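Below is entry_18.txt, which holds compact mmCIF, C-alpha atoms.
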# COMPACT_ATOMS: atom_id res chain seq x y z
CA MET V 28 59.09 115.08 83.62
CA LYS V 29 60.25 111.48 83.07
CA GLU V 30 63.84 112.48 83.78
CA ASN V 31 62.64 114.16 86.92
CA THR V 32 60.98 110.97 88.18
CA ARG V 33 64.10 108.96 87.37
CA GLN V 34 66.28 111.46 89.24
CA LYS V 35 63.99 111.35 92.27
CA LEU V 36 64.38 107.57 92.34
CA ILE V 37 68.16 107.78 91.95
CA ASN V 38 68.46 110.33 94.77
CA ALA V 39 66.18 108.44 97.15
CA THR V 40 67.89 105.11 96.42
CA TYR V 41 71.31 106.60 97.02
CA GLU V 42 70.25 108.09 100.36
CA GLU V 43 68.51 104.93 101.60
CA VAL V 44 71.41 102.68 100.55
CA TYR V 45 73.93 105.09 102.08
CA SER V 46 72.05 105.11 105.41
CA ASN V 47 71.03 101.45 105.67
CA GLY V 48 73.23 99.48 103.28
CA TYR V 49 71.90 97.78 100.15
CA GLN V 50 70.33 94.84 101.97
CA GLY V 51 68.83 97.10 104.62
CA ALA V 52 67.32 99.56 102.14
CA ALA V 53 63.64 98.67 101.67
CA LEU V 54 62.16 99.32 98.25
CA ALA V 55 58.96 100.63 99.89
CA ASP V 56 60.97 103.26 101.79
CA ILE V 57 62.80 104.32 98.64
CA LEU V 58 59.53 104.77 96.77
CA THR V 59 57.96 106.72 99.65
CA LYS V 60 61.00 108.96 99.90
CA ALA V 61 61.00 109.54 96.13
CA GLY V 62 57.22 110.02 96.05
CA VAL V 63 57.05 107.63 93.11
CA HIS V 64 54.71 104.65 92.56
CA LYS V 65 56.13 101.20 92.01
CA GLY V 66 54.63 101.07 88.51
CA SER V 67 56.52 104.21 87.50
CA MET V 68 59.72 102.76 88.86
CA TYR V 69 59.47 99.78 86.50
CA TYR V 70 59.41 102.22 83.61
CA PHE V 71 63.03 103.07 84.45
CA PHE V 72 64.47 100.08 86.32
CA ALA V 73 63.88 96.33 86.26
CA ASN V 74 64.29 95.96 90.02
CA LYS V 75 65.82 97.36 93.21
CA LYS V 76 69.26 96.01 92.33
CA GLU V 77 69.42 97.68 88.92
CA MET V 78 68.21 100.93 90.48
CA ALA V 79 70.77 100.72 93.29
CA LEU V 80 73.66 100.02 90.90
CA SER V 81 72.62 102.99 88.74
CA ALA V 82 72.23 105.21 91.79
CA ILE V 83 75.66 104.54 93.27
CA GLN V 84 77.41 104.79 89.92
CA GLU V 85 75.73 108.07 88.98
CA LYS V 86 75.84 109.75 92.38
CA MET V 87 79.42 108.76 93.19
CA SER V 88 80.58 109.84 89.76
CA GLU V 89 78.79 113.17 90.23
CA ARG V 90 80.49 113.62 93.59
CA PHE V 91 83.98 112.81 92.23
CA ASP V 92 83.45 115.26 89.38
CA MET V 93 82.17 118.03 91.59
CA LEU V 94 84.80 117.70 94.33
CA TYR V 95 87.90 116.27 92.65
CA LEU V 96 87.73 116.49 88.86
CA SER V 97 86.75 120.17 89.12
CA ILE V 98 90.20 120.87 90.66
CA THR V 99 91.93 119.67 87.46
CA LYS V 100 89.97 122.23 85.42
CA ASP V 101 91.66 125.10 87.23
CA GLU V 102 94.84 126.84 86.14
CA ASP V 103 97.02 126.17 89.16
CA ASN V 104 97.31 125.42 92.90
CA TYR V 105 96.20 121.85 92.25
CA LEU V 106 97.94 120.43 95.30
CA GLN V 107 96.76 123.16 97.65
CA LYS V 108 93.18 122.75 96.44
CA LEU V 109 93.33 119.02 97.06
CA PHE V 110 94.76 119.59 100.54
CA ASP V 111 92.00 122.12 101.27
CA LEU V 112 89.39 119.63 100.14
CA LEU V 113 90.84 116.82 102.27
CA ARG V 114 91.04 119.13 105.29
CA ASP V 115 87.46 120.34 104.90
CA THR V 116 85.60 118.22 107.45
CA SER V 117 82.32 120.01 106.68
CA ARG V 118 82.03 117.97 103.47
CA ARG V 119 82.26 114.65 105.34
CA ASP V 120 79.41 112.66 106.81
CA PHE V 121 81.41 110.99 109.57
CA SER V 122 78.57 109.03 111.06
CA ARG V 123 77.58 107.37 107.80
CA GLY V 124 81.20 107.15 106.61
CA CYS V 125 82.22 106.67 102.99
CA PRO V 126 79.35 105.40 100.77
CA LEU V 127 81.81 103.51 98.58
CA ALA V 128 83.63 101.82 101.47
CA ASN V 129 80.33 100.87 103.12
CA LEU V 130 79.17 99.07 99.98
CA VAL V 131 82.52 97.42 99.34
CA GLN V 132 82.37 96.05 102.89
CA GLU V 133 78.79 94.91 102.55
CA MET V 134 78.52 93.66 98.97
CA SER V 135 81.89 92.91 97.32
CA ASN V 136 82.00 89.33 98.55
CA LEU V 137 78.25 88.72 98.15
CA ASP V 138 77.38 89.78 94.63
CA GLU V 139 79.47 89.84 91.47
CA ASP V 140 77.48 92.69 89.84
CA PHE V 141 78.11 94.88 92.86
CA ASN V 142 81.73 93.77 92.94
CA GLN V 143 82.22 94.84 89.29
CA ALA V 144 80.37 98.13 89.72
CA LEU V 145 82.26 99.01 92.91
CA GLN V 146 85.61 98.19 91.28
CA LYS V 147 84.75 100.55 88.42
CA ILE V 148 83.79 103.35 90.84
CA TYR V 149 86.90 102.74 92.94
CA ASN V 150 89.12 102.84 89.85
CA LYS V 151 87.47 106.01 88.66
CA PHE V 152 88.13 107.68 92.02
CA ARG V 153 91.75 106.59 91.87
CA GLU V 154 92.08 107.96 88.34
CA VAL V 155 90.57 111.34 89.21
CA VAL V 156 92.92 111.79 92.18
CA ARG V 157 95.86 110.73 89.99
CA LEU V 158 94.85 113.42 87.46
CA ILE V 159 95.17 116.06 90.18
CA TYR V 160 98.67 114.82 91.04
CA ASP V 161 99.61 114.71 87.34
CA LYS V 162 98.52 118.33 86.96
CA ALA V 163 100.50 119.22 90.09
CA VAL V 164 103.63 117.55 88.64
CA GLU V 165 103.11 119.30 85.30
CA ASN V 166 102.78 122.62 87.15
CA LYS V 167 105.93 121.93 89.23
CA GLU V 168 103.99 121.89 92.51
CA LEU V 169 105.10 118.29 93.05
CA VAL V 170 108.27 116.52 91.89
CA ALA V 171 107.83 113.80 89.29
CA CYS V 172 106.72 110.64 91.10
CA ASP V 173 104.48 107.61 90.76
CA THR V 174 101.21 109.52 90.82
CA ASP V 175 99.15 106.36 90.48
CA LYS V 176 100.61 104.91 93.68
CA LEU V 177 100.29 108.27 95.39
CA SER V 178 96.63 108.35 94.44
CA LEU V 179 96.17 104.83 95.83
CA PHE V 180 97.88 105.82 99.08
CA SER V 181 95.78 108.98 99.41
CA ILE V 182 92.52 107.10 98.97
CA ILE V 183 93.66 104.40 101.39
CA VAL V 184 94.45 107.01 104.06
CA LEU V 185 91.12 108.75 103.41
CA GLU V 186 89.11 105.51 103.64
CA GLY V 187 91.05 104.27 106.65
CA ALA V 188 90.59 107.61 108.41
CA LEU V 189 86.83 107.63 107.84
CA LEU V 190 86.65 104.10 109.21
CA SER V 191 88.71 105.11 112.22
CA VAL V 192 86.29 107.93 113.05
CA LYS V 193 83.40 105.50 112.74
CA GLY V 194 85.18 103.23 115.21
CA SER V 195 86.46 105.82 117.67
CA GLY V 196 83.81 108.49 117.30
CA ASN V 197 86.65 111.01 117.24
CA ILE V 198 86.89 113.32 114.20
CA GLN V 199 90.41 114.26 115.29
CA ASP V 200 91.53 110.86 113.92
CA TYR V 201 90.56 112.04 110.44
CA THR V 202 92.25 115.42 110.85
CA ASP V 203 95.46 113.88 112.18
CA ALA V 204 95.63 111.33 109.36
CA VAL V 205 95.05 113.96 106.67
CA GLU V 206 97.85 116.12 108.10
CA MET V 207 100.23 113.15 108.08
CA LEU V 208 99.29 112.35 104.48
CA ILE V 209 99.93 115.97 103.48
CA GLU V 210 103.27 115.89 105.27
CA TYR V 211 104.14 112.71 103.35
CA ILE V 212 103.24 114.32 100.02
CA LYS V 213 105.17 117.51 100.80
CA ASN V 214 108.26 115.41 101.56
CA ILE V 215 108.23 113.47 98.29
CA MET J 8 86.20 70.30 130.10
CA LYS J 9 83.95 73.29 130.74
CA GLU J 10 86.67 75.68 129.62
CA ASN J 11 87.03 73.56 126.51
CA THR J 12 83.34 73.92 125.63
CA ARG J 13 83.49 77.65 126.21
CA GLN J 14 86.58 77.95 123.98
CA LYS J 15 84.87 75.94 121.23
CA LEU J 16 81.96 78.37 121.35
CA ILE J 17 84.26 81.39 121.30
CA ASN J 18 86.22 80.04 118.32
CA ALA J 19 83.13 79.08 116.32
CA THR J 20 81.42 82.41 117.05
CA TYR J 21 84.48 84.37 115.98
CA GLU J 22 84.74 82.46 112.69
CA GLU J 23 81.04 82.74 111.85
CA VAL J 24 80.90 86.43 112.70
CA TYR J 25 84.10 87.07 110.75
CA SER J 26 82.71 85.32 107.66
CA ASN J 27 79.09 86.51 107.75
CA GLY J 28 78.96 89.57 109.97
CA TYR J 29 77.17 89.63 113.32
CA GLN J 30 73.67 89.87 111.88
CA GLY J 31 74.41 87.20 109.28
CA ALA J 32 75.88 84.73 111.77
CA ALA J 33 73.16 82.21 112.70
CA LEU J 34 73.25 80.82 116.23
CA ALA J 35 72.37 77.36 114.88
CA ASP J 36 75.45 77.42 112.61
CA ILE J 37 77.68 78.53 115.47
CA LEU J 38 76.45 75.69 117.68
CA THR J 39 76.87 73.12 114.88
CA LYS J 40 80.37 74.37 114.15
CA ALA J 41 81.28 74.26 117.84
CA GLY J 42 79.61 70.88 118.32
CA VAL J 43 77.85 72.24 121.39
CA HIS J 44 74.16 72.01 122.38
CA LYS J 45 72.17 75.17 122.97
CA GLY J 46 71.61 74.20 126.60
CA SER J 47 75.37 74.06 127.22
CA MET J 48 75.80 77.45 125.59
CA TYR J 49 73.47 79.04 128.15
CA TYR J 50 75.77 77.79 130.87
CA PHE J 51 78.37 80.26 129.58
CA PHE J 52 76.50 83.01 127.75
CA ALA J 53 73.08 84.64 128.10
CA ASN J 54 72.59 84.97 124.35
CA LYS J 55 74.23 85.26 120.92
CA LYS J 56 75.12 88.90 121.48
CA GLU J 57 76.96 88.30 124.74
CA MET J 58 78.80 85.39 123.14
CA ALA J 59 79.75 87.46 120.07
CA LEU J 60 81.02 90.37 122.18
CA SER J 61 83.15 87.98 124.25
CA ALA J 62 84.42 86.23 121.14
CA ILE J 63 85.61 89.33 119.33
CA GLN J 64 87.15 90.84 122.45
CA GLU J 65 89.03 87.68 123.38
CA LYS J 66 90.10 86.61 119.88
CA MET J 67 91.18 90.07 118.72
CA SER J 68 93.07 90.63 121.93
CA GLU J 69 94.79 87.27 121.48
CA ARG J 70 95.73 88.22 117.91
CA PHE J 71 97.16 91.62 118.92
CA ASP J 72 99.19 90.00 121.68
CA MET J 73 100.53 87.25 119.45
CA LEU J 74 101.41 89.43 116.46
CA TYR J 75 102.15 92.89 117.87
CA LEU J 76 102.65 92.84 121.63
CA SER J 77 105.12 89.96 121.26
CA ILE J 78 107.42 92.32 119.30
CA THR J 79 107.73 94.59 122.35
CA LYS J 80 109.02 91.67 124.44
CA ASP J 81 112.11 91.34 122.28
CA GLU J 82 115.44 93.04 122.92
CA ASP J 83 115.76 95.05 119.71
CA ASN J 84 114.87 95.49 116.02
CA TYR J 85 111.39 96.61 116.99
CA LEU J 86 110.83 98.66 113.86
CA GLN J 87 112.16 96.01 111.49
CA LYS J 88 109.98 93.36 113.11
CA LEU J 89 106.91 95.55 112.72
CA PHE J 90 107.79 96.20 109.06
CA ASP J 91 108.26 92.44 108.51
CA LEU J 92 104.88 91.76 110.07
CA LEU J 93 103.13 94.41 107.97
CA ARG J 94 104.81 93.09 104.81
CA ASP J 95 103.85 89.49 105.53
CA THR J 96 100.80 89.00 103.33
CA SER J 97 100.54 85.33 104.35
CA ARG J 98 99.06 86.44 107.68
CA ARG J 99 96.24 88.37 106.02
CA ASP J 100 92.86 87.06 104.99
CA PHE J 101 92.27 89.49 102.13
CA SER J 102 88.93 88.15 101.07
CA ARG J 103 87.37 88.45 104.53
CA GLY J 104 89.31 91.65 105.30
CA CYS J 105 89.90 92.95 108.82
CA PRO J 106 87.53 91.45 111.42
CA LEU J 107 87.58 94.68 113.43
CA ALA J 108 86.87 96.94 110.45
CA ASN J 109 84.06 94.67 109.26
CA LEU J 110 82.29 94.90 112.61
CA VAL J 111 82.85 98.63 112.95
CA GLN J 112 81.23 99.07 109.53
CA GLU J 113 78.35 96.77 110.35
CA MET J 114 77.58 97.47 114.00
CA SER J 115 79.02 100.78 115.30
CA ASN J 116 75.98 102.80 114.29
CA LEU J 117 73.46 100.08 115.14
CA ASP J 118 74.25 98.96 118.67
CA GLU J 119 75.79 100.85 121.56
CA ASP J 120 77.21 97.71 123.23
CA PHE J 121 79.05 96.82 120.04
CA ASN J 122 80.13 100.42 119.61
CA GLN J 123 81.68 100.46 123.09
CA ALA J 124 83.33 97.05 122.70
CA LEU J 125 84.75 97.93 119.26
CA GLN J 126 86.11 101.24 120.54
CA LYS J 127 87.89 99.38 123.33
CA ILE J 128 89.40 96.88 120.88
CA TYR J 129 90.39 99.64 118.49
CA ASN J 130 92.06 101.62 121.29
CA LYS J 131 93.89 98.53 122.48
CA PHE J 132 95.24 97.94 118.96
CA ARG J 133 96.38 101.55 118.76
CA GLU J 134 98.07 101.26 122.14
CA VAL J 135 99.92 98.06 121.25
CA VAL J 136 101.28 99.56 118.03
CA ARG J 137 102.28 102.71 119.93
CA LEU J 138 104.21 100.53 122.39
CA ILE J 139 106.27 99.14 119.49
CA TYR J 140 107.10 102.68 118.31
CA ASP J 141 107.93 103.73 121.90
CA LYS J 142 110.35 100.82 122.18
CA ALA J 143 111.85 101.78 118.80
CA VAL J 144 112.37 105.37 119.97
CA GLU J 145 113.87 104.15 123.25
CA ASN J 146 116.24 101.92 121.27
CA LYS J 147 117.16 104.77 118.87
CA GLU J 148 115.71 103.00 115.85
CA LEU J 149 113.30 105.90 115.42
CA VAL J 150 113.73 109.59 116.31
CA ALA J 151 111.53 110.90 119.08
CA CYS J 152 108.10 111.67 117.59
CA ASP J 153 104.41 111.54 118.37
CA THR J 154 104.16 107.75 118.57
CA ASP J 155 100.45 107.86 119.33
CA LYS J 156 99.69 109.68 116.08
CA LEU J 157 102.10 107.43 114.22
CA SER J 158 100.23 104.42 115.57
CA LEU J 159 96.93 105.94 114.46
CA PHE J 160 98.32 106.60 110.98
CA SER J 161 99.73 103.07 110.71
CA ILE J 162 96.42 101.46 111.61
CA ILE J 163 94.56 103.77 109.25
CA VAL J 164 96.85 102.80 106.36
CA LEU J 165 96.51 99.11 107.28
CA GLU J 166 92.70 99.26 107.46
CA GLY J 167 92.41 101.38 104.33
CA ALA J 168 94.72 99.01 102.42
CA LEU J 169 92.71 95.94 103.42
CA LEU J 170 89.54 97.70 102.30
CA SER J 171 91.18 98.65 99.01
CA VAL J 172 92.08 95.01 98.30
CA LYS J 173 88.50 94.01 99.09
CA GLY J 174 87.33 96.61 96.56
CA SER J 175 89.90 96.06 93.82
CA GLY J 176 90.68 92.38 94.35
CA ASN J 177 94.35 93.32 93.93
CA ILE J 178 96.73 92.40 96.78
CA GLN J 179 99.33 94.71 95.24
CA ASP J 180 97.30 97.64 96.67
CA TYR J 181 98.12 96.37 100.16
CA THR J 182 101.80 95.85 99.36
CA ASP J 183 102.17 99.30 97.78
CA ALA J 184 100.46 101.02 100.70
CA VAL J 185 102.62 99.22 103.28
CA GLU J 186 105.79 100.24 101.42
CA MET J 187 104.66 103.87 101.35
CA LEU J 188 103.87 103.75 105.07
CA ILE J 189 107.33 102.31 105.78
CA GLU J 190 108.92 105.02 103.61
CA TYR J 191 106.99 107.62 105.62
CA ILE J 192 108.20 106.18 108.94
CA LYS J 193 111.80 105.94 107.75
CA ASN J 194 111.72 109.61 106.78
CA ILE J 195 110.45 110.88 110.14

What would the structure in this file look like if it were written as C-alpha cells?
Amino acid sequence: MKENTRQKLINATYEEVYSNGYQGAALADILTKAGVHKGSMYYFFANKKEMALSAIQEKMSERFDMLYLSITKDEDNYLQKLFDLLRDTSRRDFSRGCPLANLVQEMSNLDEDFNQALQKIYNKFREVVRLIYDKAVENKELVACDTDKLSLFSIIVLEGALLSVKGSGNIQDYTDAVEMLIEYIKNI
Amino acid sequence: MKENTRQKLINATYEEVYSNGYQGAALADILTKAGVHKGSMYYFFANKKEMALSAIQEKMSERFDMLYLSITKDEDNYLQKLFDLLRDTSRRDFSRGCPLANLVQEMSNLDEDFNQALQKIYNKFREVVRLIYDKAVENKELVACDTDKLSLFSIIVLEGALLSVKGSGNIQDYTDAVEMLIEYIKNI
C-alpha cells in the first residue's frame, strides 16, 4: 500500500516534469494526478525537488533497462535489435522530445543537484548502449572498435535527431538521421 | 543614431535570451544592458516578444553568414574549412550551449510564433551547410551524395554534441563526436 502511494507519486511527477519541465511542474498538479494528499507525500519525500530527482532517476533507469539493457540479455542479434529499436518511431514521443535532454537543457546550469543526477543518468545510458556494442563485438556482429565512443556518438545522434524533430516538426529528420547512424556503424 | 539604439536593443536581447531563456529574460534587464529607455524601445518594437523574435532571427542569421556562408564564397577547400570550423572549440560557448537548440527546447511547444521563427532559422542553417557540401561536390572534394541529408546529419551531430557537453560537462564529448562525423563524411 505504501509502495503503491510512492509509485503513484513517482509516476505523476515524471509525467508532469516531462510535459512542463521541472520549474513548470506544479506540486498541486502532481498530487492531483497521483491522487495523493500532501501529507502522505511528506512521508516519502522531503519536497518537490527530492521527489523529482527520484522520479527521473527511477523512471529513466527503468526505461533504459526495459528498452536497451534487455537487448544484452539475449543470445544474439544485438546490433540488429538495437537498430530495430532506434528505427521504431512508435516508441518515441516526438512532441515532448527526450525527457533527459529536456532536463539537461532546463536544469544543468541552474542547480548542482540536478546537474549531478542528470550526469549519472546520462552516463548510465551511455554505459548501457556500450554494453550492447560490446556484446555485438563479442558475437562478431561488429568489428572490434571503441565501443564507448560509438555509444557516445549514437546517443548524440539520437538526442540531436529528437531535437531536430522538435524544431522542424518533421519526423523524417529522425528517420533519416537513424539510417545515417546505422550506415556509419555498418561501415566501421 | 536610431539604428544604433535598435542594434543595442537587439544585441542586449539576444544575450539575455541566450543566457536565461526567453521566459527568464526580464525586459528591465534587457533595457539596462542596452542602456535604452522603455519609451525608446517602443519606437522600434511593440513588445518583448517582437524584440526577441527579431533579435534571434537577425543575430543567428548573422552568425550563420559569418561562420558558414562565408566558406561558400571561397574558391576551394570547402570541406576542410567546414571541418576546421567544426573542430574549433574556441568558437563554442559550451556552458550556454546552442542558442537555437535552447529556444527550440523552451519555446517550440509553447508558442506558435516562436515555433515558426525557429523553424525558419533551423531551415536556413540546414540550407547554408548544404551549400557548403554542394560546393564541395562541385569542386570534387566530396563524391556526389544527398547533401541535404548530409547537412541534416551534420547539424544533428553538432546539436547533440553540444547537448552532451551540457549534460556531461566534458568538452571531449564534442571533440569525439565531430571527429566521428568527419570520418563519416570522408567515407561517403

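Of the listed residues J:Leu60, J:Val43, J:Ile139, J:Ala108, the one whose atoms come nearest to Leu89 in chain J is J:Ile139, with distances taken using all atoms listed in the file.
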
Interface rows for chain V against chain J: nearest pair, Å to one decimal, 7 Å, only C-alpha atoms, as JSON lines:
{"residue": "V:Asn129", "atom": "CA", "partner": "J:Gln112", "partner_atom": "CA", "distance": 6.7}
{"residue": "V:Val131", "atom": "CA", "partner": "J:Gly174", "partner_atom": "CA", "distance": 5.6}
{"residue": "V:Gln132", "atom": "CA", "partner": "J:Asn109", "partner_atom": "CA", "distance": 6.7}
{"residue": "V:Ser135", "atom": "CA", "partner": "J:Gly174", "partner_atom": "CA", "distance": 6.6}
{"residue": "V:Leu145", "atom": "CA", "partner": "J:Gly174", "partner_atom": "CA", "distance": 6.7}
{"residue": "V:Gln146", "atom": "CA", "partner": "J:Ser175", "partner_atom": "CA", "distance": 5.4}
{"residue": "V:Phe180", "atom": "CA", "partner": "J:Ala184", "partner_atom": "CA", "distance": 5.7}
{"residue": "V:Ile183", "atom": "CA", "partner": "J:Gly167", "partner_atom": "CA", "distance": 4.4}
{"residue": "V:Val184", "atom": "CA", "partner": "J:Val164", "partner_atom": "CA", "distance": 5.4}
{"residue": "V:Glu186", "atom": "CA", "partner": "J:Gly167", "partner_atom": "CA", "distance": 5.3}
{"residue": "V:Gly187", "atom": "CA", "partner": "J:Gly167", "partner_atom": "CA", "distance": 3.9}
{"residue": "V:Ala188", "atom": "CA", "partner": "J:Ile163", "partner_atom": "CA", "distance": 5.6}
{"residue": "V:Ser191", "atom": "CA", "partner": "J:Ile163", "partner_atom": "CA", "distance": 6.7}
{"residue": "V:Lys193", "atom": "CA", "partner": "J:Val111", "partner_atom": "CA", "distance": 6.9}
{"residue": "V:Gly194", "atom": "CA", "partner": "J:Val111", "partner_atom": "CA", "distance": 5.6}
{"residue": "V:Ser195", "atom": "CA", "partner": "J:Gln126", "partner_atom": "CA", "distance": 5.4}
{"residue": "V:Ala204", "atom": "CA", "partner": "J:Phe160", "partner_atom": "CA", "distance": 5.7}
{"residue": "V:Tyr211", "atom": "CA", "partner": "J:Tyr191", "partner_atom": "CA", "distance": 6.3}

- Item | Two-atom distance - CA of Gly51 in chain V, CA of Glu65 in chain J (Å) |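 Atom-to-atom, CA of Gly51 in chain V and CA of Glu65 in chain J are spaced 29.1 Å apart.
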
- Query: Could you name the residues that touch Asp36 in chain J at 12 Å or less, counting all atoms listed in the file, but leaving out those on the same chain fewer than 2 positions away, as a list in words?
  - Reply: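 The residues satisfying every condition are Leu16, Ala19, Thr20, Tyr21, Glu22, Glu23, Val24, Ser26, Asn27, Gly31, Ala32, Ala33, Leu34, Leu38, Thr39, Lys40, Ala41, Gly42, Val43, His44, Lys45 and Lys55 of chain J.
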
- Task: Work out how far apart CA of Ala163 in chain V and CA of Asp103 in chain V are and give it in Å to one decimal.
- Result: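 Computed distance, CA of Ala163 in chain V to CA of Asp103 in chain V, equals 7.8 Å.
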
- Task: For CA of Asn104 in chain V and CA of Lys162 in chain V, quote the distance in Å rounded to one decimal.
- Result: 9.3 Å

- Would you please work out which residue, of J:Asp141, J:Glu82, J:Glu134, J:Asp118, is nearest to Asp153 in chain J when using only C-alpha atoms? J:Asp141

- For each of J:Ala62, J:Cys105, J:Leu92, J:Leu149, take the minimum atom-to-atom distance to Leu76 in chain J, counting all atoms listed in the file, then give the residue where this is smallest.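 Checking each candidate against Leu76 in chain J, we get J:Leu92 as the closest.
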
- Item | Among listed residues V:Ile209, V:Ile37, V:Val170, V:Leu158, nearest Ser81 in chain V (using all atoms listed in the file) | V:Ile37

- Which polymer residues, protein or nucleic acid, are no farther than 7 Å from (93.0, 118.7, 106.7), counting only C-alpha atoms, as a list in words?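 These residues have at least one counted atom within 7 Å: Phe110, Asp111, Leu113, Arg114, Asp115, Thr202, Val205 and Glu206 of chain V.
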